[in-house]
Amino acid sequence: MNIIKPTANVVALTTANNFANATCVYISTTATAFITVAYANSVTKGAFVLPANQYIFVQKDYTDTIASNVAVSASAAAYRG
């Protein structure tokens with residue numbers, strides 16, 4: 001059983017956001033999305049494609065930002081799988 005503990009409100013993510021220095025971010029999408037994780041200085045750390053109608057938890061450093069090419073729902077969270 002997976003457990004999610006939201007630690008902030010959901011936002012429609014497109015532009016870079018560090019989610020108040022969260023280290024775990026829940027992302028869900030209804031359309032295929034290209035997700036980018038970047039260092040605080042905007043240099044890309046990594047990227048991936050999230051297929052339509054999927055969700056994922058992204059673990060990041062607290063200063064890293066996450067952005068998407070389409071609006072996805074995202075929230076800072078704690079997760080236990």
# chains A, B, ... in the order shown; residues from 1 in each chain; ligands from 1
$ residues_around --residues "Thr63 (chain A)" --least-positions-apart "5" --cutoff "10 Å" --atoms "only C-alpha atoms" --output "ChimeraX atom specification"
/A:17-23,38-41
$ residues_around --residues "Ala52 (chain A)" --least-positions-apart "5" --cutoff "7 Å" --atoms "only C-alpha atoms" --output "ChimeraX atom specification"
/A:29-32
$ residues_around --residues "Ala47 (chain A)" --least-positions-apart "3" --cutoff "7 Å" --atoms "only C-alpha atoms" --output "PyMOL selection string"
chain A and resi 35-37
$ write_last_selection --atoms "C-alpha atoms" --output "compact mmCIF listing (two decimals), in the first residue's frame"
# COMPACT_ATOMS: atom_id res chain seq x y z
CA ILE A 35 9.36 17.17 -16.83
CA THR A 36 12.65 18.95 -16.12
CA VAL A 37 14.53 18.99 -12.81
$ residues_around --residues "Val10 (chain A)" --least-positions-apart "5" --cutoff "10 Å" --atoms "only C-alpha atoms" --output "list in words"
Tyr26, Ile27, Val72, Ser73, Ala74, Ser75, Ala76 and Ala77 of chain A
$ closest_residue --among "A:Val11, A:Ala33, A:Ile4, A:Ala71" --to "Phe57 (chain A)" --atoms "only C-alpha atoms"
A:Ile4
$ closest_residue --among "A:Tyr62, A:Ser68, A:Ser28, A:Asn2" --to "Ala16 (chain A)" --atoms "only C-alpha atoms"
A:Ser68
$ decode --residues "chain A" --atoms "C-alpha atoms" --output "compact mmCIF listing (two decimals), in the first residue's frame"
# COMPACT_ATOMS: atom_id res chain seq x y z
CA MET A 1 0.00 0.00 0.00
CA ASN A 2 1.29 3.46 -0.93
CA ILE A 3 0.86 6.40 1.42
CA ILE A 4 1.00 10.06 0.40
CA LYS A 5 1.07 12.94 2.85
CA PRO A 6 0.46 16.25 1.04
CA THR A 7 2.48 19.02 2.64
CA ALA A 8 1.17 21.85 0.44
CA ASN A 9 -1.69 22.73 -1.91
CA VAL A 10 -1.72 21.40 -5.46
CA VAL A 11 -0.48 23.82 -8.13
CA ALA A 12 -0.76 23.76 -11.92
CA LEU A 13 2.95 23.43 -12.64
CA THR A 14 4.51 24.77 -15.82
CA THR A 15 7.29 27.18 -14.85
CA ALA A 16 10.16 26.30 -12.51
CA ASN A 17 9.11 25.82 -8.90
CA ASN A 18 11.09 24.54 -5.90
CA PHE A 19 7.95 23.77 -3.87
CA ALA A 20 9.06 25.68 -0.78
CA ASN A 21 12.27 23.65 -0.59
CA ALA A 22 10.47 20.28 -0.57
CA THR A 23 12.55 17.18 -1.31
CA CYS A 24 9.64 15.06 -2.59
CA VAL A 25 7.06 16.25 -5.13
CA TYR A 26 3.96 14.40 -6.33
CA ILE A 27 3.16 15.05 -10.02
CA SER A 28 0.12 13.83 -11.95
CA THR A 29 -0.93 14.56 -15.51
CA THR A 30 -3.75 13.93 -17.97
CA ALA A 31 -1.54 14.71 -20.99
CA THR A 32 1.96 13.53 -21.85
CA ALA A 33 4.39 15.89 -20.10
CA PHE A 34 8.11 16.59 -20.39
CA ILE A 35 9.36 17.17 -16.83
CA THR A 36 12.65 18.95 -16.12
CA VAL A 37 14.53 18.99 -12.81
CA ALA A 38 17.11 21.76 -12.53
CA TYR A 39 19.65 23.07 -10.05
CA ALA A 40 18.87 26.39 -8.34
CA ASN A 41 20.97 28.15 -11.02
CA SER A 42 18.58 26.80 -13.74
CA VAL A 43 21.09 24.30 -15.16
CA THR A 44 19.21 21.11 -16.05
CA LYS A 45 19.95 18.22 -13.73
CA GLY A 46 17.74 15.70 -15.53
CA ALA A 47 14.52 15.29 -17.47
CA PHE A 48 11.94 12.62 -18.26
CA VAL A 49 8.62 12.10 -20.02
CA LEU A 50 5.57 11.37 -17.89
CA PRO A 51 2.91 9.57 -19.99
CA ALA A 52 -0.69 10.77 -19.99
CA ASN A 53 -2.88 9.73 -17.06
CA GLN A 54 0.06 8.81 -14.83
CA TYR A 55 1.58 10.02 -11.58
CA ILE A 56 5.03 9.93 -10.06
CA PHE A 57 6.93 11.06 -6.99
CA VAL A 58 10.08 13.02 -7.77
CA GLN A 59 12.84 13.09 -5.17
CA LYS A 60 15.03 16.19 -5.46
CA ASP A 61 17.44 18.34 -3.48
CA TYR A 62 15.63 21.07 -1.58
CA THR A 63 16.98 23.87 -3.82
CA ASP A 64 16.22 22.09 -7.12
CA THR A 65 13.30 23.24 -9.25
CA ILE A 66 10.82 21.27 -11.34
CA ALA A 67 9.12 22.49 -14.53
CA SER A 68 6.86 21.01 -17.20
CA ASN A 69 6.05 21.80 -20.82
CA VAL A 70 2.30 21.38 -20.12
CA ALA A 71 0.27 22.10 -17.00
CA VAL A 72 0.51 19.20 -14.58
CA SER A 73 -0.83 18.96 -11.04
CA ALA A 74 1.94 18.98 -8.47
CA SER A 75 2.31 19.18 -4.71
CA ALA A 76 5.05 18.90 -2.15
CA ALA A 77 4.57 15.60 -0.37
CA ALA A 78 5.95 12.91 1.85
CA TYR A 79 5.75 9.37 0.47
CA ARG A 80 6.06 5.85 1.77
CA GLY A 81 5.69 2.90 -0.61
